[in-house]
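Peer 1: Mind having a look at this structure? Questions to follow.
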Amino acid sequence: MFPVFSGFTQILDDSTKLLYSVKTVRQRTEEAMVLNKGAEIGDTSLNNFSEKGDFIYQGKKIYQNLGVFGTASRPLFYQLPDAIGLRNGMNMFDYLIPEQNQIRYFNTRSPYTDIQYAQGAKQRAMIRTTFSVNLKPRLNFTAHYQRLTALRILNISQSDERTSDHHSIWVSSNYSTKDNRYRAWGYYQHLNHLQYETGGGFTRKTSDGSLSQNQSDSLFLSPEIMPVYLNANTRNRELRNNWYFTQIWKPFGNGLYIRTSHSRNRQVNRYTDPLPNAAFYLNREYFQKSDDPKALPDTLFSDRSFQAFENTLFAGFQDSLQNLSFSIKRRDLKYYSNFQTFDYPKAEWVAGFQFQGLYKGLQARLSAEFMTIDQFDLKASTNLWGWNVAGRLVSFLPSMIQRQFFSKNLIYLTDFKPSRAVQLKAEKTFTIRKWSISPSFEHLTVSNGIAFSDSMLPVQRDKVATMQYAGLAISGAIGKRLHTENTFIRVFQAGSRIAQMPGYVYHSAHYYDLVRNKKAYGVQLGVNVDWRYDWPSETFNPLNGQWFLQNKTTIPPYFLVNAFTNVRIDRVRLYFKVHNVFQKLGSPGYFATPFYPGQRRLFEFGLNWTFFD
């Protein structure tokens with residue numbers, strides 16, 4: 001566990017200088033808590049500071065949204081499910097709150113507060129606050145609050161019409177006994193997210209009278225008056241309440257242990273359209289019929305709830321070099337759609353084992369989970385000759401949203417086969433003086449893959465889908481003050497299409513240290529560059545919250561350039577940023593996804609202030 005701190009008495013040296021700092025605030029993720037090692041300090045760097053509050057870039061993951069801060073999003077590259085077993089599949093707002101393995105558990109010498117605030121034009125705003133305190137030397141409590149808002153950029157009729165409105169909180173705690181034989185940690189999460197839907201914009205009618213986007217014209221020309229597909233009051237609200245608690249007991253000290261974990265996740269999604277557009281929803285026959293041909297369809301309403309209760313028992317051996325455990329898991333599920341309750345097996349049972357070890361510098365990880373002959377998950381990874389190599393073989397059933405959906409105008413029931421995937425990854429970092437070069441490669445094959453087609457219905461592919469990602473990350477310094485970070489990804493696809501991705505992706509940050517003082521202050525000037533090559537992107541269906549394949553609309557290539565100034569003054573970090581600097585220079589605009597224009601040029605200010613006492 002972390003070093004033991006004796007209360008909140010201020011620790012002073014002979015010069016009465018406070019010793020509280022970022023180094024006295026330690027934090028861990030779920031994996032580090034299980035292994036009982038790996039405590040880290042917070043990030044105080046100016047590098048990429050202005051980008052860290054943008055949900056589109058989260059570590060090595062890149063997301064695609066609907067052009068406005070806080071809107072529905074998906075990973076830009078195809079993702080396998082995290083685990084086997086029945087799952088909801090409504091993932092459009094997952095990126096807005098941390099997953100179980102991203103929650104941070106703290107240990108502090110004194111009360112710690114972190115405040116992040118950002119304010120841009122179009123009321124693009126974010127505030128995050130974190131407060132952490134050790135109630136006793138080995139008992140910590142942490143609370144986190146997040147608020148996001150953004151205004152519409154399409155079909156604006158009033159001065160204050162929001163596209164996204166978000167509240168979320170999560171609280172966490174961790175405890176250990178003095179002899180460290182018993183440790184426990186857990187969290188509670190709540191999400192309340194509202195998104196007003198537009199369905200995208202259109203500029204003209206086609207010859208058959210249906211609505212269509214004019215591809216020769218950019219929506220940046222007059223986005224405020226551009227007609228949209230959906231009524232101004234069409235909305236998607238998602239509520240989540242997640243509980244998690246785990247504990248480890250080592251009856252004989254270091255060595256054998258027993259661990260239990262318990263979680264309850266509830267997700268509710270409600271979609272309402274008071275004035276449905278039959279042309280947008282495609283399946284017109286599902287609307288309520290009327291003898292009057294001019295009569296408008298009834299209000300469209302969809303309500304879905306998914307609950308999963310999970311209890312797991314682990315038994316194993318753990319020391320400073322290895323962790324081996326066997327587990328048995330029981331998952332109980334509840335699910336209803338539009339107030340219709342569906343019965344599934346009362347419980348899912350999953351057996352598994354996990355191993356992590358270090359031997360003469362060689363790291364190895366193995367894990368396996370087995371449910372049925374159609375559901376299993378095998379993972380292995382190691383560090384071999386400096387290469388991080390990982391492999392996975394997984395067989396999984398369709399998600400609930402792929403199985404069935406009920407509403408007034410979209411109804412489907414499917415009976416799909418299990419999907420099976422093989423995934424191989426390799427990555428290595430070479431260091432040459434001030435430069436680091438990291439080549440990476442990922443190979444992924446999926447048989448019986450499932451995707452949503454342009455009819456808004458799920459389909460299963462008979463042929464194997466093959467996807468490969470070749471990446472190259474180069475970062476370094478030119479002289480003492482000019483820095484550059486570059487990531488280039490080439491995507492190859494063959495066989496069946498279960499995802500649409502750009503063939504080329506480039507993302508970079510280039511910054512110059514105008515003023516540099518490691519202890520007190522600093523100033524950086526720089527730009528971020530994002531480029532994606534010509535591709536028929538997936539687009540979004542707000543009714544069931546899914547991204548679907550289409551080939552009618554291609555997103556033209558564009559360079560998105562953001563300019564920033566990062567400033568540090570003691571414990572305060574500031575940034576001043578201009579998004580989409582080159583709007584209308586060479587290209588009038590860009591599309592985040594078909595029918596949805598990307599963020600127009602705007603100015604944004606951000607602040608991060610930390611308090612350690």
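Chain labels follow the order of the structure tokens: the first chain is A, the next B, and so on; residue numbering restarts at 1 in every chain, and ligands are counted from 1 in their shown order.
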Where does DSSP see alpha helix (DSSP H) in stretch 89-337 of chain A, if you list the residues as number ranges by chain?

Peer 2: A: 278-281

Peer 1: The selected residues should be written to file as a PDB file, in the first residue's frame (atoms: N, CA and C atoms).

Peer 2:
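What ended up in out.pdb:
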```
ATOM      1  N   ALA A 278     -40.419  10.909 -41.407  1.00  0.00           N
ATOM      2  CA  ALA A 278     -40.424   9.547 -41.945  1.00  0.00           C
ATOM      3  C   ALA A 278     -39.277   9.314 -42.912  1.00  0.00           C
ATOM      4  N   ALA A 279     -38.875  10.352 -43.657  1.00  0.00           N
ATOM      5  CA  ALA A 279     -37.772  10.191 -44.608  1.00  0.00           C
ATOM      6  C   ALA A 279     -36.458   9.897 -43.889  1.00  0.00           C
ATOM      7  N   PHE A 280     -36.299  10.463 -42.701  1.00  0.00           N
ATOM      8  CA  PHE A 280     -35.052  10.224 -41.964  1.00  0.00           C
ATOM      9  C   PHE A 280     -35.007   8.810 -41.405  1.00  0.00           C
ATOM     10  N   TYR A 281     -36.140   8.321 -40.888  1.00  0.00           N
ATOM     11  CA  TYR A 281     -36.147   7.022 -40.233  1.00  0.00           C
ATOM     12  C   TYR A 281     -36.256   5.842 -41.203  1.00  0.00           C
TER      13      TYR A 281
END
```

Peer 1: Assign secondary structure with DSSP using the backbone only, and return the residues of stretch 79-257 of chain A in strand (DSSP E or B) as a PyMOL selection string.

Peer 2: chain A and resi 105-108+112-120+125-136+139-151+162-176+182-196+201+204-205+211-212+228+235-249+255-257

Peer 1: Mind checking which residues fall within 10 Å of A:Ser447, counting only C-alpha atoms, ignoring those fewer than 4 positions away in the same chain, and posting them as number ranges by chain?

Peer 2: A: 395, 417-422, 460-466, 495-496

Peer 1: Contacts of A:Tyr78 at 12 Å or less, counting only C-alpha atoms, minus same-chain residues fewer than 5 places along, as a PyMOL selection string?

Peer 2: chain A and resi 61-64+421+423+442-446+449-451+465-469+491-493+497-502+538+547

Peer 1: Those residues you just picked out, can you put them in a file as a PDB file, in the first residue's frame with N, CA and C atoms?

Peer 2:
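This went into selection.pdb:
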```
ATOM      1  N   LYS A  61      -6.257   6.320 -27.779  1.00  0.00           N
ATOM      2  CA  LYS A  61      -7.552   6.181 -28.427  1.00  0.00           C
ATOM      3  C   LYS A  61      -7.958   7.505 -29.077  1.00  0.00           C
ATOM      4  N   ILE A  62      -8.496   7.405 -30.289  1.00  0.00           N
ATOM      5  CA  ILE A  62      -9.031   8.565 -30.992  1.00  0.00           C
ATOM      6  C   ILE A  62     -10.511   8.307 -31.245  1.00  0.00           C
ATOM      7  N   TYR A  63     -11.343   9.317 -31.001  1.00  0.00           N
ATOM      8  CA  TYR A  63     -12.783   9.163 -31.145  1.00  0.00           C
ATOM      9  C   TYR A  63     -13.316  10.065 -32.259  1.00  0.00           C
ATOM     10  N   GLN A  64     -14.481   9.719 -32.731  1.00  0.00           N
ATOM     11  CA  GLN A  64     -15.203  10.508 -33.724  1.00  0.00           C
ATOM     12  C   GLN A  64     -16.537  10.897 -33.106  1.00  0.00           C
ATOM     13  N   ALA A 421     -12.926 -13.622 -32.900  1.00  0.00           N
ATOM     14  CA  ALA A 421     -11.888 -12.699 -33.344  1.00  0.00           C
ATOM     15  C   ALA A 421     -10.519 -13.150 -32.858  1.00  0.00           C
ATOM     16  N   GLN A 423      -6.724 -11.351 -32.409  1.00  0.00           N
ATOM     17  CA  GLN A 423      -6.072 -10.046 -32.364  1.00  0.00           C
ATOM     18  C   GLN A 423      -4.615 -10.223 -31.966  1.00  0.00           C
ATOM     19  N   GLU A 442      -0.915  -3.894 -35.596  1.00  0.00           N
ATOM     20  CA  GLU A 442      -2.018  -4.687 -35.048  1.00  0.00           C
ATOM     21  C   GLU A 442      -2.732  -5.401 -36.182  1.00  0.00           C
ATOM     22  N   HIS A 443      -2.971  -6.684 -35.974  1.00  0.00           N
ATOM     23  CA  HIS A 443      -3.710  -7.499 -36.944  1.00  0.00           C
ATOM     24  C   HIS A 443      -4.963  -8.026 -36.268  1.00  0.00           C
ATOM     25  N   LEU A 444      -6.095  -7.885 -36.941  1.00  0.00           N
ATOM     26  CA  LEU A 444      -7.372  -8.276 -36.357  1.00  0.00           C
ATOM     27  C   LEU A 444      -8.225  -8.963 -37.412  1.00  0.00           C
ATOM     28  N   THR A 445      -8.681 -10.171 -37.127  1.00  0.00           N
ATOM     29  CA  THR A 445      -9.634 -10.859 -37.994  1.00  0.00           C
ATOM     30  C   THR A 445     -10.880 -11.178 -37.183  1.00  0.00           C
ATOM     31  N   VAL A 446     -12.042 -10.933 -37.791  1.00  0.00           N
ATOM     32  CA  VAL A 446     -13.318 -11.171 -37.120  1.00  0.00           C
ATOM     33  C   VAL A 446     -14.196 -11.994 -38.055  1.00  0.00           C
ATOM     34  N   GLY A 449     -18.785 -11.259 -38.077  1.00  0.00           N
ATOM     35  CA  GLY A 449     -18.855  -9.925 -37.508  1.00  0.00           C
ATOM     36  C   GLY A 449     -20.225  -9.301 -37.725  1.00  0.00           C
ATOM     37  N   ILE A 450     -20.629  -8.420 -36.804  1.00  0.00           N
ATOM     38  CA  ILE A 450     -21.941  -7.775 -36.859  1.00  0.00           C
ATOM     39  C   ILE A 450     -21.753  -6.270 -36.995  1.00  0.00           C
ATOM     40  N   ALA A 451     -22.521  -5.663 -37.878  1.00  0.00           N
ATOM     41  CA  ALA A 451     -22.499  -4.222 -38.067  1.00  0.00           C
ATOM     42  C   ALA A 451     -23.911  -3.755 -38.373  1.00  0.00           C
ATOM     43  N   ALA A 465     -13.752 -10.600 -41.767  1.00  0.00           N
ATOM     44  CA  ALA A 465     -13.295  -9.211 -41.874  1.00  0.00           C
ATOM     45  C   ALA A 465     -11.868  -9.129 -41.343  1.00  0.00           C
ATOM     46  N   THR A 466     -10.974  -8.549 -42.140  1.00  0.00           N
ATOM     47  CA  THR A 466      -9.575  -8.397 -41.746  1.00  0.00           C
ATOM     48  C   THR A 466      -9.239  -6.917 -41.654  1.00  0.00           C
ATOM     49  N   MET A 467      -8.655  -6.517 -40.531  1.00  0.00           N
ATOM     50  CA  MET A 467      -8.253  -5.132 -40.313  1.00  0.00           C
ATOM     51  C   MET A 467      -6.835  -5.112 -39.765  1.00  0.00           C
ATOM     52  N   GLN A 468      -6.026  -4.227 -40.319  1.00  0.00           N
ATOM     53  CA  GLN A 468      -4.639  -4.095 -39.883  1.00  0.00           C
ATOM     54  C   GLN A 468      -4.313  -2.617 -39.696  1.00  0.00           C
ATOM     55  N   TYR A 469      -3.568  -2.333 -38.628  1.00  0.00           N
ATOM     56  CA  TYR A 469      -3.173  -0.969 -38.322  1.00  0.00           C
ATOM     57  C   TYR A 469      -1.656  -0.926 -38.195  1.00  0.00           C
ATOM     58  N   VAL A 491      -4.308   2.323 -42.176  1.00  0.00           N
ATOM     59  CA  VAL A 491      -5.327   1.296 -41.943  1.00  0.00           C
ATOM     60  C   VAL A 491      -5.539   0.490 -43.223  1.00  0.00           C
ATOM     61  N   PHE A 492      -5.512  -0.837 -43.088  1.00  0.00           N
ATOM     62  CA  PHE A 492      -5.800  -1.746 -44.196  1.00  0.00           C
ATOM     63  C   PHE A 492      -7.044  -2.547 -43.842  1.00  0.00           C
ATOM     64  N   GLN A 493      -7.960  -2.681 -44.778  1.00  0.00           N
ATOM     65  CA  GLN A 493      -9.160  -3.482 -44.569  1.00  0.00           C
ATOM     66  C   GLN A 493      -9.367  -4.420 -45.749  1.00  0.00           C
ATOM     67  N   ARG A 497     -16.886  -5.847 -44.557  1.00  0.00           N
ATOM     68  CA  ARG A 497     -16.760  -4.585 -43.835  1.00  0.00           C
ATOM     69  C   ARG A 497     -17.699  -4.584 -42.633  1.00  0.00           C
ATOM     70  N   ILE A 498     -17.112  -4.494 -41.447  1.00  0.00           N
ATOM     71  CA  ILE A 498     -17.909  -4.355 -40.227  1.00  0.00           C
ATOM     72  C   ILE A 498     -17.592  -3.019 -39.555  1.00  0.00           C
ATOM     73  N   ALA A 499     -16.721  -2.233 -40.181  1.00  0.00           N
ATOM     74  CA  ALA A 499     -16.384  -0.900 -39.680  1.00  0.00           C
ATOM     75  C   ALA A 499     -15.857  -0.085 -40.847  1.00  0.00           C
ATOM     76  N   GLN A 500     -16.079   1.216 -40.787  1.00  0.00           N
ATOM     77  CA  GLN A 500     -15.532   2.126 -41.788  1.00  0.00           C
ATOM     78  C   GLN A 500     -14.554   3.063 -41.104  1.00  0.00           C
ATOM     79  N   MET A 501     -13.313   3.052 -41.592  1.00  0.00           N
ATOM     80  CA  MET A 501     -12.239   3.822 -40.968  1.00  0.00           C
ATOM     81  C   MET A 501     -11.445   4.536 -42.038  1.00  0.00           C
ATOM     82  N   PRO A 502     -10.854   5.673 -41.711  1.00  0.00           N
ATOM     83  CA  PRO A 502     -10.007   6.353 -42.695  1.00  0.00           C
ATOM     84  C   PRO A 502      -8.765   5.520 -42.995  1.00  0.00           C
ATOM     85  N   GLU A 538     -18.766   6.018 -41.158  1.00  0.00           N
ATOM     86  CA  GLU A 538     -20.041   5.608 -40.575  1.00  0.00           C
ATOM     87  C   GLU A 538     -20.789   6.858 -40.120  1.00  0.00           C
ATOM     88  N   TRP A 547     -23.914   3.635 -34.664  1.00  0.00           N
ATOM     89  CA  TRP A 547     -23.269   4.122 -35.875  1.00  0.00           C
ATOM     90  C   TRP A 547     -23.414   3.049 -36.951  1.00  0.00           C
TER      91      TRP A 547
END
```

Peer 1: Would you mind reading off the distance between atom CA of A:Tyr336 and atom CA of A:Arg304, one decimal, in Å?

Peer 2: 5.8 Å

Peer 1: Compile the contact shell of A:Ile555 as an MDAnalysis selection string: residues with an atom at most 8 Å away, counting only C-alpha atoms, same-chain residues fewer than 4 positions apart removed.

Peer 2: chainID A and resid 534:537 590:591 593:594

Peer 1: Could you dump the residues just selected with N, CA, C and O atoms as a JSON list (two decimals), in the first residue's frame?

Peer 2:
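Result written to part-v3.json:
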```json
[["chain", "number", "residue", "atom", "x", "y", "z"],
["A", 534, "ASP", "N", -9.62, 10.94, -47.10],
["A", 534, "ASP", "CA", -10.88, 10.69, -47.79],
["A", 534, "ASP", "C", -11.49, 9.31, -47.44],
["A", 534, "ASP", "O", -10.90, 8.29, -47.73],
["A", 535, "TRP", "N", -12.70, 9.30, -46.82],
["A", 535, "TRP", "CA", -13.26, 8.02, -46.41],
["A", 535, "TRP", "C", -14.77, 8.11, -46.23],
["A", 535, "TRP", "O", -15.30, 9.14, -45.82],
["A", 536, "PRO", "N", -15.49, 7.02, -46.55],
["A", 536, "PRO", "CA", -16.95, 6.98, -46.34],
["A", 536, "PRO", "C", -17.25, 6.62, -44.90],
["A", 536, "PRO", "O", -17.47, 5.46, -44.55],
["A", 537, "SER", "N", -17.27, 7.62, -44.04],
["A", 537, "SER", "CA", -17.41, 7.39, -42.60],
["A", 537, "SER", "C", -18.76, 6.75, -42.26],
["A", 537, "SER", "O", -19.76, 6.93, -42.95],
["A", 590, "TYR", "N", -15.01, 21.39, -42.57],
["A", 590, "TYR", "CA", -14.84, 19.94, -42.59],
["A", 590, "TYR", "C", -16.03, 19.31, -41.90],
["A", 590, "TYR", "O", -16.78, 19.96, -41.17],
["A", 591, "PHE", "N", -16.20, 18.02, -42.13],
["A", 591, "PHE", "CA", -17.30, 17.28, -41.52],
["A", 591, "PHE", "C", -16.74, 16.31, -40.49],
["A", 591, "PHE", "O", -15.81, 15.55, -40.77],
["A", 593, "THR", "N", -18.61, 13.94, -39.23],
["A", 593, "THR", "CA", -19.21, 12.71, -39.72],
["A", 593, "THR", "C", -20.25, 13.15, -40.75],
["A", 593, "THR", "O", -20.62, 14.32, -40.79],
["A", 594, "PRO", "N", -20.70, 12.27, -41.65],
["A", 594, "PRO", "CA", -21.63, 12.72, -42.69],
["A", 594, "PRO", "C", -22.84, 13.46, -42.12],
["A", 594, "PRO", "O", -23.44, 13.02, -41.14]]
```

Peer 1: So which residues touch stretch 356-365 of chain A within 7 Å, counting only C-alpha atoms, skipping near sequence neighbours fewer than 5 positions away, as an MDAnalysis selection string?

Peer 2: chainID A and resid 321:324 380:384

Peer 1: Next, write the just-selected residues to a file, as a PDB file, in the first residue's frame, keeping all heavy atoms as the atom set.

Peer 2:
```
ATOM      1  N   LEU A 321       6.625 -10.382  -7.146  1.00  0.00           N
ATOM      2  CA  LEU A 321       6.968 -10.664  -8.537  1.00  0.00           C
ATOM      3  C   LEU A 321       5.826 -11.243  -9.353  1.00  0.00           C
ATOM      4  O   LEU A 321       5.859 -11.201 -10.582  1.00  0.00           O
ATOM      5  CB  LEU A 321       8.167 -11.622  -8.603  1.00  0.00           C
ATOM      6  CG  LEU A 321       9.487 -11.098  -8.043  1.00  0.00           C
ATOM      7  CD1 LEU A 321      10.562 -12.173  -8.150  1.00  0.00           C
ATOM      8  CD2 LEU A 321       9.929  -9.835  -8.761  1.00  0.00           C
ATOM      9  N   GLN A 322       4.821 -11.813  -8.694  1.00  0.00           N
ATOM     10  CA  GLN A 322       3.791 -12.478  -9.477  1.00  0.00           C
ATOM     11  C   GLN A 322       2.438 -12.438  -8.776  1.00  0.00           C
ATOM     12  O   GLN A 322       2.353 -12.244  -7.566  1.00  0.00           O
ATOM     13  CB  GLN A 322       4.181 -13.934  -9.747  1.00  0.00           C
ATOM     14  CG  GLN A 322       4.357 -14.779  -8.495  1.00  0.00           C
ATOM     15  CD  GLN A 322       4.838 -16.187  -8.803  1.00  0.00           C
ATOM     16  OE1 GLN A 322       4.663 -16.668  -9.907  1.00  0.00           O
ATOM     17  NE2 GLN A 322       5.445 -16.827  -7.829  1.00  0.00           N
ATOM     18  N   ASN A 323       1.427 -12.624  -9.594  1.00  0.00           N
ATOM     19  CA  ASN A 323       0.065 -12.695  -9.092  1.00  0.00           C
ATOM     20  C   ASN A 323      -0.669 -13.754  -9.903  1.00  0.00           C
ATOM     21  O   ASN A 323      -0.787 -13.657 -11.130  1.00  0.00           O
ATOM     22  CB  ASN A 323      -0.645 -11.347  -9.235  1.00  0.00           C
ATOM     23  CG  ASN A 323      -2.090 -11.416  -8.762  1.00  0.00           C
ATOM     24  OD1 ASN A 323      -2.347 -11.532  -7.569  1.00  0.00           O
ATOM     25  ND2 ASN A 323      -3.024 -11.343  -9.685  1.00  0.00           N
ATOM     26  N   LEU A 324      -1.135 -14.797  -9.231  1.00  0.00           N
ATOM     27  CA  LEU A 324      -1.860 -15.881  -9.878  1.00  0.00           C
ATOM     28  C   LEU A 324      -3.161 -16.099  -9.141  1.00  0.00           C
ATOM     29  O   LEU A 324      -3.178 -16.215  -7.911  1.00  0.00           O
ATOM     30  CB  LEU A 324      -1.038 -17.176  -9.859  1.00  0.00           C
ATOM     31  CG  LEU A 324      -1.765 -18.448 -10.295  1.00  0.00           C
ATOM     32  CD1 LEU A 324      -2.133 -18.382 -11.779  1.00  0.00           C
ATOM     33  CD2 LEU A 324      -0.926 -19.689 -10.015  1.00  0.00           C
ATOM     34  N   ALA A 380      -2.950 -13.026 -23.858  1.00  0.00           N
ATOM     35  CA  ALA A 380      -1.557 -13.218 -23.460  1.00  0.00           C
ATOM     36  C   ALA A 380      -0.756 -12.011 -23.920  1.00  0.00           C
ATOM     37  O   ALA A 380      -0.992 -11.463 -25.002  1.00  0.00           O
ATOM     38  CB  ALA A 380      -0.988 -14.490 -24.069  1.00  0.00           C
ATOM     39  N   SER A 381       0.188 -11.581 -23.103  1.00  0.00           N
ATOM     40  CA  SER A 381       1.076 -10.491 -23.481  1.00  0.00           C
ATOM     41  C   SER A 381       2.411 -10.655 -22.785  1.00  0.00           C
ATOM     42  O   SER A 381       2.504 -11.278 -21.713  1.00  0.00           O
ATOM     43  CB  SER A 381       0.460  -9.128 -23.119  1.00  0.00           C
ATOM     44  OG  SER A 381       0.311  -8.996 -21.721  1.00  0.00           O
ATOM     45  N   THR A 382       3.456 -10.103 -23.387  1.00  0.00           N
ATOM     46  CA  THR A 382       4.790 -10.195 -22.812  1.00  0.00           C
ATOM     47  C   THR A 382       5.646  -9.068 -23.346  1.00  0.00           C
ATOM     48  O   THR A 382       5.307  -8.405 -24.339  1.00  0.00           O
ATOM     49  CB  THR A 382       5.448 -11.552 -23.142  1.00  0.00           C
ATOM     50  OG1 THR A 382       6.705 -11.656 -22.468  1.00  0.00           O
ATOM     51  CG2 THR A 382       5.681 -11.678 -24.639  1.00  0.00           C
ATOM     52  N   ASN A 383       6.765  -8.846 -22.674  1.00  0.00           N
ATOM     53  CA  ASN A 383       7.774  -7.908 -23.135  1.00  0.00           C
ATOM     54  C   ASN A 383       8.972  -8.734 -23.585  1.00  0.00           C
ATOM     55  O   ASN A 383       9.701  -9.287 -22.761  1.00  0.00           O
ATOM     56  CB  ASN A 383       8.160  -6.947 -22.016  1.00  0.00           C
ATOM     57  CG  ASN A 383       9.078  -5.842 -22.489  1.00  0.00           C
ATOM     58  OD1 ASN A 383      10.091  -6.092 -23.131  1.00  0.00           O
ATOM     59  ND2 ASN A 383       8.739  -4.614 -22.168  1.00  0.00           N
ATOM     60  N   LEU A 384       9.178  -8.833 -24.887  1.00  0.00           N
ATOM     61  CA  LEU A 384      10.173  -9.728 -25.453  1.00  0.00           C
ATOM     62  C   LEU A 384      11.158  -8.926 -26.289  1.00  0.00           C
ATOM     63  O   LEU A 384      10.775  -8.319 -27.294  1.00  0.00           O
ATOM     64  CB  LEU A 384       9.483 -10.803 -26.311  1.00  0.00           C
ATOM     65  CG  LEU A 384      10.349 -11.914 -26.875  1.00  0.00           C
ATOM     66  CD1 LEU A 384      10.965 -12.740 -25.744  1.00  0.00           C
ATOM     67  CD2 LEU A 384       9.521 -12.818 -27.798  1.00  0.00           C
TER      68      LEU A 384
END
```
